[in-house]
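Structure, as structure tokens:
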Amino acid sequence: MPHSPEDLETIPFTTERQSRRTGNWRFSRPELAEEDCIMCELCIEFCPDVSIHQAESEESVVVDYDYCKGCGICAQVCPTDAFTMEDE
Amino acid sequence: MTAEQPRVTPEPTDETAAETRVLTGNEAAAHGAKLARPEVVSAYPITPQSAISETMAGFVASGELDAKLFRIESEHSAMSSLIGASLTGARTFTATASNGLFYMAEMLHFASGGRLPIVMAVANRAASPPWNVWGDQSDSLSQRDSGWIQLYAENCQEALDLLIQAYRIAESDDVMLPAMVAFDGFQVSHISEPVVIPSQEAVDDFLPPYDPEDSLAQSLVDGDPKAFHHITPPEASFFEYKYRQAQAGERAKDRIEEVDRLFGERFGRRWGGLFDPYRVDDAGVVLVTLGSLTTTAKAVADEYREKDLPVGVLKLRSFRPFPEDELATVLEDVPVVGVVEKDHSFGLTGSVYGDVAAALTNVDGQLTQNFVTGLGGREVTTEHIREMYDALLETHDTGCVDRRSRWVGVSR
Amino acid sequence: MKDPQPRDDKLFVQGHTMCPGCGVALSVNHIMDILGEDTVVLFSPGCLSAASTIEDNYRFRVPSAHMGLVHSAAFAAGVSAGLEQVGVDDVTVAPLAGDGATADIGFQALSAAAERNDDVLYFCHDNEAYANTGMQGSGTTPMGAATSTTPAGRVAPYGKSSRKKDLFKLITDHNVPYAATATPGYLGDFKEKVTKAKETNGFRFIQIFDPCPEGWKFDGSRTVEISKRAVQSGMWVLAESEYGEIEITRKPADREPVDEYLELQDRFNHLSDAEVAQIQAAVDEFWDGYMEAEV
């Protein structure tokens with residue numbers, strides 16, 4: 001016996017940009033020297049905010065600044081020191 | 001609901017192709033639950049309901065019931081596991097009493113707030129300490145604010161019937177609330193009576209499978225990820241969600257009445273819906289009862305009527321939702337109303353009395369009195385009921401209540 | 001700088017409000033990649049649920065439910081049984097519970113579900129305290145750590161006085177099909193274990209060491225480093241077990257002295273040399289125990 005959906009409170013997943021753009025948390029931002037990126041993808045693997053992705057060109061990574069919180073893990077783990085943390 | 005319902009003696013009809021067996025209250029409850037085809041059962045042993053868990057385990061082991069049965073390690077986990085199962089869209093069942101009910105108290109609110117139509121049998125037992133495993137109604141009555149539907153059975157047959165009805169009421173589109181069926185520990189759970197067990201076919205026809213529109217299973221199948229019971233801050237829709245829950249609780253009254261009627265049409269037994277008035281129409285004095293005490297009260301009422309004393313019994317069946325307006329209507333011409341219950345809330349008065357008295361406040365000149373009795377399984381005899389009627393009749397004559405609450409049967 | 005491409009393949013997405021550098025977020029990201037979309041996630045009250053399943057900000061692309069604190073394993077067992085009964089097969093039921101929920105208040109339910117071998121893949125995110133409510137001590141807080149309920153003071157300078165409860169060992173002793181410890185600093189090991197667990201049936205338990213920058217008081221950029229140093233010093237063992245038989249999956253050749261690990265986090269900065277020596281002795285004993293237990 002189905003019941004009215006409004007009775008059972010659920011929220012759907014959505015990929016729409018939420019108002020909670022955590023990028024505005026940053027005190028410092030990772031700046032990438034693209035030429036130093038060797039596409040090892042360690043920064044992608046270790047980003048807790050799913051905010052580093054393969055660039056369309058697939059020749060380097062790219063940071064999603066809408067969401068990047070500036071934790072600095074990417075700069076720490078990058079084997080070529082391609083990231084510099086700059087003041088936001 | 002003002003007209004008195006005719007008493008129906010349980011007899012199998014051809015249509016229901018039922019069998020009659022001598023069963024204890026626990027066994028009757030287990031049979032009722034089994035016929036409803038729960039898919040996940042999770043119950044922890046506790047006197048006086050352990051036999052329900054055992055009987056259900058026997059049904060599963062023999063193949064009579066196709067369900068997942070958890071050998072669960074506590075009542076809190078019993079209700080937790082059923083909440084998880086109910087969220088997937090499975091029909092669920094458990095049974096408990098007293099300390100077990102209290103242990104799962106946190107989860108009672110979770111089930112009702114979660115709008116999950118879980119059904120539970122409660123073999124009413126006293127609250128300890130002192131340590132006492134015998135029957136009184138303190139357990140379920142003290143959980144009246146947990147958001148659960150509460151229906152009280154008087155005897156083994158009613159326990160079986162109510163278990164089936166509870167699922168239909170709980171799972172109604174416009175209700176979707178959990179329901180407990182309570183009956184007296186030992187006085188019903190352990191006594192044997194001939195009970196009509198309806199056929200599975202008849203019950204299947206009366207109670208279709210549980211198939212909620214929203215569930216974890218449906219979300220998976222639809223590929224439509226949903227979060228259930230997510231965090232809802234103050235300015236989000238928590239308050240609205242609770243309002244809808246409250247409205248559903250009100251709507252449950254209609255469902256209880258309707259299901260009682262439909263059950264009667266299908267199986268030949270009606271128990272009265274929200275309550276069952278007995279010789280109330282022309283009564284000067286009425287005793288409101290809950291559970292097996294009703295049988296004793298009716299016997300004494302008949303005795304008093306033989307002596308032309310105008311007494312009646314109002315058997316309250318639904319404690320939650322509490323039928324305030326309906327009660328006020330059926331009792332509006334009764335000058336004196338007593339409430340007998342096997343619990344006490346705080347101080348000298350009981351839970352049921354408070355609700356009855358509040359429902360009757362607008363009836364001019366009506367007097368009410370509370371009788372607390374039978375705690376810890378203390379036997380309640382016809383003598384005790386006579387004491388209550390005598391007190392009420394005296395109030396009827398004098399026009400005053402000597403005290404709000406009398407504890408009947410206790411040695412001072 | 002080129003425009004970022006949204007990742008349609010991700011089941012845990014950006015926009016959650018976990019702290020910068022949160023170990024739990026890092027772990028959950030990889031867990032979801034491996035578990036895939038035939039998963040039901042169950043949230044225990046804590047940082048993760050507060051940060052990713054709040055009314056206008058649901059960050060998971062799978063169905064989920066929010067549980068209470070006491071009962072993760074029982075609730076999950078119920079979901080698993082229900083799905084089976086209603087005919088939805090091959091779904092991983094994954095409670096994501098903190099250490100407090102697992103080691104303390106929920107231990108009864110955990111132990112029973114393990115004993116019954118309920119079909120659940122239980123993740124314990126061990127950040128060694130009740131993080132979301134303000135870093136109160138839990139059963140898995142390590143000896144010597146300062147927390148809000150085991151603060152270092154004049155009368156009790158030591159922080160938490162008892163040892164860390166070894167959940168992995170305890171669950172292993174329930175003879176479950178699979179149990180493991182993991183940490184995001186060693187991602188290869190981590191992913192192998194989650195994959196193995198996913199492909200097993202019955203009760204599976206993975207305890208993940210998740211560094212907590214806010215609670216342990218270190219800079220969030222060093223989460224991966226702390227995760228690795230814990231393993232290298234022997235404070236955390238990477239191991240797995242099947243039906244009670246333990247295998248250590250990463251043995252540091254020479255364990256680093258614990259003080260190098262402790263120095264990285266201000267939650268240990270009150271410790272005297274003597275106390276650090278006690279911790280070192282405890283870690284040595286811990287490792288001896290694992291060496292003996294290994295098959």
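Residue numbering restarts at 1 for every chain of the structure tokens, chains are lettered A, B, ... in their displayed order, and ligands are numbered from 1 as they appear.
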Would you mind listing, for every residue of chain B within 8 Å of chain A, the two atoms forming the shortest contact and the distance between them in Å to one decimal, using only C-alpha atoms, sorted by chain and ascending residue number, as a tab-separated table?
residue	atom	partner	partner_atom	distance
B:Gly114	CA	A:Leu8	CA	7.2
B:Arg115	CA	A:Leu8	CA	6.6
B:Glu171	CA	A:Met1	CA	7.3
B:Ser172	CA	A:Met1	CA	7.1
B:Asp173	CA	A:His3	CA	4.4
B:Asp174	CA	A:His3	CA	6.8
B:Met176	CA	A:His3	CA	8.0
B:Pro208	CA	A:Met1	CA	7.9
B:Pro209	CA	A:Met1	CA	7.6
B:Tyr210	CA	A:Met1	CA	6.1
B:Asp211	CA	A:Met1	CA	5.0
B:Pro212	CA	A:Pro2	CA	4.4
B:Glu213	CA	A:Pro2	CA	4.3
B:Asp214	CA	A:Pro5	CA	6.6
B:Asp224	CA	A:Pro12	CA	7.4
B:Pro225	CA	A:Phe13	CA	5.9
B:Lys226	CA	A:Pro12	CA	4.5
B:Ala227	CA	A:Ile11	CA	5.3
B:Phe228	CA	A:Thr10	CA	4.7
B:His229	CA	A:Thr10	CA	6.5
B:His230	CA	A:Thr10	CA	7.1
B:Tyr241	CA	A:Glu9	CA	7.2
B:Arg244	CA	A:Asp7	CA	6.7
B:Gln245	CA	A:Asp7	CA	7.7
Writer output for current selection, N, CA and C atoms, as a compact mmCIF listing (two decimals), in the first residue's frame:
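New file result-v3.txt:
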# COMPACT_ATOMS: atom_id res chain seq x y z
N GLY B 114 9.93 7.92 12.59
CA GLY B 114 10.35 7.44 11.29
C GLY B 114 9.19 6.97 10.43
N ARG B 115 7.98 6.99 10.97
CA ARG B 115 6.76 6.59 10.26
C ARG B 115 6.87 5.17 9.72
N GLU B 171 -0.35 0.10 8.62
CA GLU B 171 0.16 0.26 7.26
C GLU B 171 -0.75 1.07 6.37
N SER B 172 -1.87 1.55 6.90
CA SER B 172 -2.76 2.39 6.09
C SER B 172 -1.99 3.57 5.53
N ASP B 173 -2.28 3.90 4.27
CA ASP B 173 -1.63 5.03 3.59
C ASP B 173 -1.58 6.29 4.45
N ASP B 174 -2.70 6.56 5.08
CA ASP B 174 -2.82 7.84 5.77
C ASP B 174 -2.48 7.73 7.26
N MET B 176 0.53 5.05 8.73
CA MET B 176 1.97 4.78 8.70
C MET B 176 2.60 5.12 10.05
N PRO B 208 -3.31 -7.23 2.58
CA PRO B 208 -2.39 -7.37 1.44
C PRO B 208 -0.94 -7.16 1.87
N PRO B 209 0.02 -7.51 1.02
CA PRO B 209 1.43 -7.35 1.38
C PRO B 209 1.77 -5.88 1.64
N TYR B 210 2.78 -5.67 2.46
CA TYR B 210 3.25 -4.32 2.76
C TYR B 210 4.12 -3.84 1.60
N ASP B 211 3.75 -2.74 1.02
CA ASP B 211 4.46 -2.26 -0.19
C ASP B 211 4.54 -0.74 -0.17
N PRO B 212 5.39 -0.17 0.64
CA PRO B 212 5.43 1.29 0.75
C PRO B 212 6.02 1.93 -0.50
N GLU B 213 5.56 3.15 -0.76
CA GLU B 213 6.05 3.86 -1.93
C GLU B 213 7.51 4.25 -1.76
N ASP B 214 7.87 4.60 -0.55
CA ASP B 214 9.24 5.02 -0.25
C ASP B 214 9.92 3.99 0.64
N ASP B 224 17.41 5.87 -7.58
CA ASP B 224 17.08 7.23 -7.17
C ASP B 224 17.53 7.40 -5.72
N PRO B 225 18.80 7.78 -5.53
CA PRO B 225 19.35 7.73 -4.16
C PRO B 225 18.65 8.73 -3.24
N LYS B 226 18.17 8.23 -2.13
CA LYS B 226 17.50 9.09 -1.17
C LYS B 226 18.11 8.87 0.21
N ALA B 227 18.12 9.94 0.99
CA ALA B 227 18.58 9.84 2.37
C ALA B 227 17.36 9.85 3.28
N PHE B 228 17.23 8.83 4.10
CA PHE B 228 16.10 8.74 5.04
C PHE B 228 16.53 9.25 6.41
N HIS B 229 15.64 10.03 7.03
CA HIS B 229 15.84 10.48 8.41
C HIS B 229 17.11 11.31 8.56
N HIS B 230 17.42 12.08 7.55
CA HIS B 230 18.60 12.93 7.57
C HIS B 230 18.44 14.03 8.61
N TYR B 241 7.25 18.02 9.67
CA TYR B 241 7.25 16.56 9.65
C TYR B 241 6.50 16.02 10.87
N ARG B 244 2.79 16.45 10.49
CA ARG B 244 2.19 15.40 9.67
C ARG B 244 2.06 14.10 10.45
N GLN B 245 3.06 13.81 11.29
CA GLN B 245 2.99 12.62 12.13
C GLN B 245 1.79 12.73 13.07
Please report, as a tab-separated table, each residue of chain A lying at most 8 Å from chain C, together with the nearest pair of atoms and the separation in Å rounded to one decimal; use only C-alpha atoms, and order rows by chain and ascending residue number.
residue	atom	partner	partner_atom	distance
A:Ile11	CA	C:Glu55	CA	6.7
A:Pro12	CA	C:Tyr58	CA	7.2
A:Phe13	CA	C:Tyr58	CA	5.8
A:Thr14	CA	C:Tyr58	CA	7.5
A:Gln18	CA	C:Asn57	CA	6.9
A:Arg20	CA	C:Gly15	CA	6.4
A:Arg21	CA	C:Gly15	CA	6.1
A:Thr22	CA	C:Gly15	CA	6.0
A:Phe46	CA	C:Leu26	CA	6.4
A:Cys47	CA	C:Leu26	CA	6.5
A:Pro48	CA	C:Leu26	CA	4.1
A:Asp49	CA	C:Gln14	CA	5.2
A:Val50	CA	C:Gln14	CA	5.1
A:Ser51	CA	C:Gln14	CA	6.2
A:His53	CA	C:Pro4	CA	6.8
A:Gln54	CA	C:Gln5	CA	7.7
A:Ala55	CA	C:Pro4	CA	6.5
A:Glu56	CA	C:Gln5	CA	7.1
A:Val62	CA	C:Pro4	CA	6.2
A:Val63	CA	C:Pro4	CA	6.7
A:Asp64	CA	C:Pro4	CA	5.7
A:Tyr67	CA	C:Gly15	CA	6.0
A:Lys69	CA	C:Pro20	CA	5.7
A:Gly70	CA	C:Pro20	CA	6.9
A:Cys71	CA	C:Pro20	CA	4.8
A:Gly72	CA	C:Ser221	CA	4.5
A:Ile73	CA	C:Ser221	CA	4.2
A:Cys74	CA	C:Ser221	CA	7.8
A:Ala75	CA	C:Ser221	CA	7.9
A:Gln76	CA	C:Ser221	CA	6.6
A:Val77	CA	C:Val224	CA	7.9
Could the residues in this selection be written to a file with C-alpha atoms, as a short mmCIF file (atom, residue, chain, number, x, y, z; two decimals), in the first residue's frame?
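The new file out.cif reads:
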data_model
loop_
_atom_site.label_atom_id
_atom_site.label_comp_id
_atom_site.auth_asym_id
_atom_site.auth_seq_id
_atom_site.Cartn_x
_atom_site.Cartn_y
_atom_site.Cartn_z
CA ILE A 11 16.08 14.11 0.58
CA PRO A 12 17.35 13.28 -2.88
CA PHE A 13 20.89 13.44 -4.09
CA THR A 14 21.51 16.31 -6.44
CA GLN A 18 24.61 23.82 -3.37
CA ARG A 20 27.38 25.52 0.72
CA ARG A 21 30.34 26.18 -1.55
CA THR A 22 33.06 25.26 0.85
CA PHE A 46 44.41 12.30 -1.23
CA CYS A 47 42.03 15.24 -1.55
CA PRO A 48 39.38 14.80 1.17
CA ASP A 49 37.03 17.13 -0.65
CA VAL A 50 36.91 15.49 -4.08
CA SER A 51 38.06 18.85 -5.38
CA HIS A 53 40.21 16.41 -11.01
CA GLN A 54 41.87 15.52 -14.27
CA ALA A 55 41.86 18.52 -16.55
CA GLU A 56 40.08 18.13 -19.86
CA VAL A 62 42.85 21.05 -12.00
CA VAL A 63 41.46 22.32 -8.69
CA ASP A 64 37.78 22.97 -8.13
CA TYR A 67 34.88 23.59 -3.05
CA LYS A 69 39.03 24.18 1.46
CA GLY A 70 42.75 24.88 1.20
CA CYS A 71 43.82 22.09 3.59
CA GLY A 72 47.14 21.76 1.79
CA ILE A 73 47.33 17.97 1.60
CA CYS A 74 47.85 18.17 -2.16
CA ALA A 75 50.90 20.34 -1.71
CA GLN A 76 52.27 17.94 0.91
CA VAL A 77 51.87 14.77 -1.14
#
Using only C-alpha atoms, which residues sit within 8 Å of segment 86-88 of chain B once same-chain residues fewer than 2 positions away are excluded, as a PyMOL selection string? (chain B and resi 82-84+90-92+116-118+215-218) or (chain C and resi 79+82-83+86)
Write out the residues from the selection above, keeping N, CA and C atoms, as an mmCIF file, in the first residue's frame.
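Saved as result_30.cif:
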data_model
loop_
_atom_site.group_PDB
_atom_site.id
_atom_site.type_symbol
_atom_site.label_atom_id
_atom_site.label_comp_id
_atom_site.auth_asym_id
_atom_site.auth_seq_id
_atom_site.Cartn_x
_atom_site.Cartn_y
_atom_site.Cartn_z
ATOM 1 N N LEU B 82 14.501 -4.026 13.555
ATOM 2 C CA LEU B 82 13.227 -3.932 12.839
ATOM 3 C C LEU B 82 13.060 -2.585 12.152
ATOM 4 N N ILE B 83 13.618 -1.546 12.757
ATOM 5 C CA ILE B 83 13.592 -0.239 12.097
ATOM 6 C C ILE B 83 14.370 -0.328 10.788
ATOM 7 N N GLY B 84 15.556 -0.931 10.853
ATOM 8 C CA GLY B 84 16.346 -1.127 9.636
ATOM 9 C C GLY B 84 15.577 -1.924 8.604
ATOM 10 N N ALA B 90 10.122 -4.055 4.403
ATOM 11 C CA ALA B 90 9.713 -5.370 4.900
ATOM 12 C C ALA B 90 8.722 -5.206 6.050
ATOM 13 N N ARG B 91 7.806 -6.173 6.172
ATOM 14 C CA ARG B 91 6.880 -6.189 7.302
ATOM 15 C C ARG B 91 7.597 -6.838 8.486
ATOM 16 N N THR B 92 7.353 -6.298 9.690
ATOM 17 C CA THR B 92 8.169 -6.684 10.850
ATOM 18 C C THR B 92 7.322 -6.988 12.083
ATOM 19 N N LEU B 116 7.284 4.277 10.611
ATOM 20 C CA LEU B 116 7.493 2.881 10.233
ATOM 21 C C LEU B 116 6.434 2.013 10.903
ATOM 22 N N PRO B 117 5.602 1.309 10.151
ATOM 23 C CA PRO B 117 4.462 0.563 10.706
ATOM 24 C C PRO B 117 4.852 -0.781 11.310
ATOM 25 N N ILE B 118 5.755 -0.730 12.271
ATOM 26 C CA ILE B 118 6.193 -1.939 12.973
ATOM 27 C C ILE B 118 5.085 -2.333 13.940
ATOM 28 N N SER B 215 11.050 3.509 0.203
ATOM 29 C CA SER B 215 11.817 2.579 1.032
ATOM 30 C C SER B 215 13.234 2.530 0.485
ATOM 31 N N LEU B 216 14.136 1.969 1.284
ATOM 32 C CA LEU B 216 15.507 1.810 0.807
ATOM 33 C C LEU B 216 15.530 0.904 -0.421
ATOM 34 N N ALA B 217 14.692 -0.136 -0.385
ATOM 35 C CA ALA B 217 14.666 -1.066 -1.515
ATOM 36 C C ALA B 217 14.204 -0.345 -2.771
ATOM 37 N N GLN B 218 13.154 0.444 -2.629
ATOM 38 C CA GLN B 218 12.611 1.145 -3.800
ATOM 39 C C GLN B 218 13.632 2.134 -4.340
ATOM 40 N N VAL C 79 18.544 -3.932 8.127
ATOM 41 C CA VAL C 79 18.463 -3.489 6.731
ATOM 42 C C VAL C 79 18.849 -4.631 5.802
ATOM 43 N N GLY C 82 16.110 -7.205 5.742
ATOM 44 C CA GLY C 82 14.941 -6.683 5.033
ATOM 45 C C GLY C 82 15.133 -6.701 3.530
ATOM 46 N N LEU C 83 16.295 -6.258 3.079
ATOM 47 C CA LEU C 83 16.558 -6.239 1.636
ATOM 48 C C LEU C 83 16.458 -7.650 1.056
ATOM 49 N N VAL C 86 12.767 -8.677 0.885
ATOM 50 C CA VAL C 86 11.935 -8.044 -0.151
ATOM 51 C C VAL C 86 12.499 -8.305 -1.541
#
Please identify all polymer residues within 8 Å of Lys68 of chain B, counting only C-alpha atoms, omitting same-chain residues fewer than 6 positions from it, and present them as a PyMOL selection string. (chain B and resi 39-41+60) or (chain C and resi 81+85)
Provide the atom CA of Val119 of chain B to atom CA of Glu106 of chain B distance in Å, to one decimal place. 16.2 Å
One number please: atom CA of Ala248 of chain B to atom CA of Tyr353 of chain B, in Å, one decimal.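 Separation of atom CA of Ala248 of chain B and atom CA of Tyr353 of chain B: 24.2 Å.
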Looking only at the backbone, which of the residues in segment 244-296 of chain B does DSSP tag as strand (DSSP E or B), as a PyMOL selection string? chain B and resi 275-278+285-289
Using only C-alpha atoms, which residues sit within 6 Å of segment 267-279 of chain B once same-chain residues fewer than 3 positions away are excluded, as a PyMOL selection string? chain B and resi 4+8+256-257+260+263-264+312-318
For segment 177-189 of chain B, work out the shell of residues within 8 Å, counting only C-alpha atoms and skipping chain neighbours fewer than 4 positions away, then give it as a ChimeraX atom specification. /B:24-27,48-49,111-112,115-125,134-137,140,147-156,159,162-163,166-167,170-171,248-249,291-292
Please provide as a short mmCIF file (atom, residue, chain, number, x, y, z; two decimals) with N, CA and C atoms, in the first residue's frame all residues within 9 Å of Thr150 of chain C, with the sequence filter that same-chain residues fewer than 4 positions apart are discarded (counting only C-alpha atoms).
data_model
loop_
_atom_site.label_atom_id
_atom_site.label_comp_id
_atom_site.auth_asym_id
_atom_site.auth_seq_id
_atom_site.Cartn_x
_atom_site.Cartn_y
_atom_site.Cartn_z
N GLN C 136 35.45 14.25 23.14
CA GLN C 136 35.47 13.53 24.41
C GLN C 136 36.17 12.19 24.21
N GLY C 137 36.77 11.69 25.29
CA GLY C 137 37.49 10.42 25.19
C GLY C 137 36.57 9.24 24.93
N GLY C 144 47.49 8.28 27.12
CA GLY C 144 48.26 9.52 27.14
C GLY C 144 47.63 10.67 26.39
N ALA C 145 46.62 10.40 25.56
CA ALA C 145 46.05 11.49 24.76
C ALA C 145 45.17 12.38 25.61
N ALA C 146 45.27 13.69 25.37
CA ALA C 146 44.36 14.63 26.02
C ALA C 146 43.09 14.73 25.20
N ALA C 156 45.65 15.23 37.20
CA ALA C 156 45.74 14.12 36.26
C ALA C 156 46.51 14.58 35.03
N TYR C 158 48.24 13.05 32.94
CA TYR C 158 48.59 12.05 31.96
C TYR C 158 47.68 12.03 30.74
N GLY C 159 46.49 12.64 30.80
CA GLY C 159 45.51 12.43 29.75
C GLY C 159 44.84 11.09 30.02
N LYS C 160 44.50 10.37 28.97
CA LYS C 160 43.80 9.10 29.19
C LYS C 160 44.76 8.07 29.79
N SER C 161 44.33 7.44 30.84
CA SER C 161 45.24 6.55 31.56
C SER C 161 45.20 5.11 31.07
#
Using Å and a single decimal, report how far atom CA of Ser50 of chain B sits from atom CA of Val176 of chain C. 28.9 Å
Among the residues of segment 209-271 of chain B, find those DSSP assigns to alpha helix (DSSP H) from the backbone and print them as a ChimeraX atom specification. /B:216-222,238-267
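Residue nearest chain C, chosen from B:His76, B:Arg21, B:His31, B:Arg320 and counting only C-alpha atoms: B:His76.
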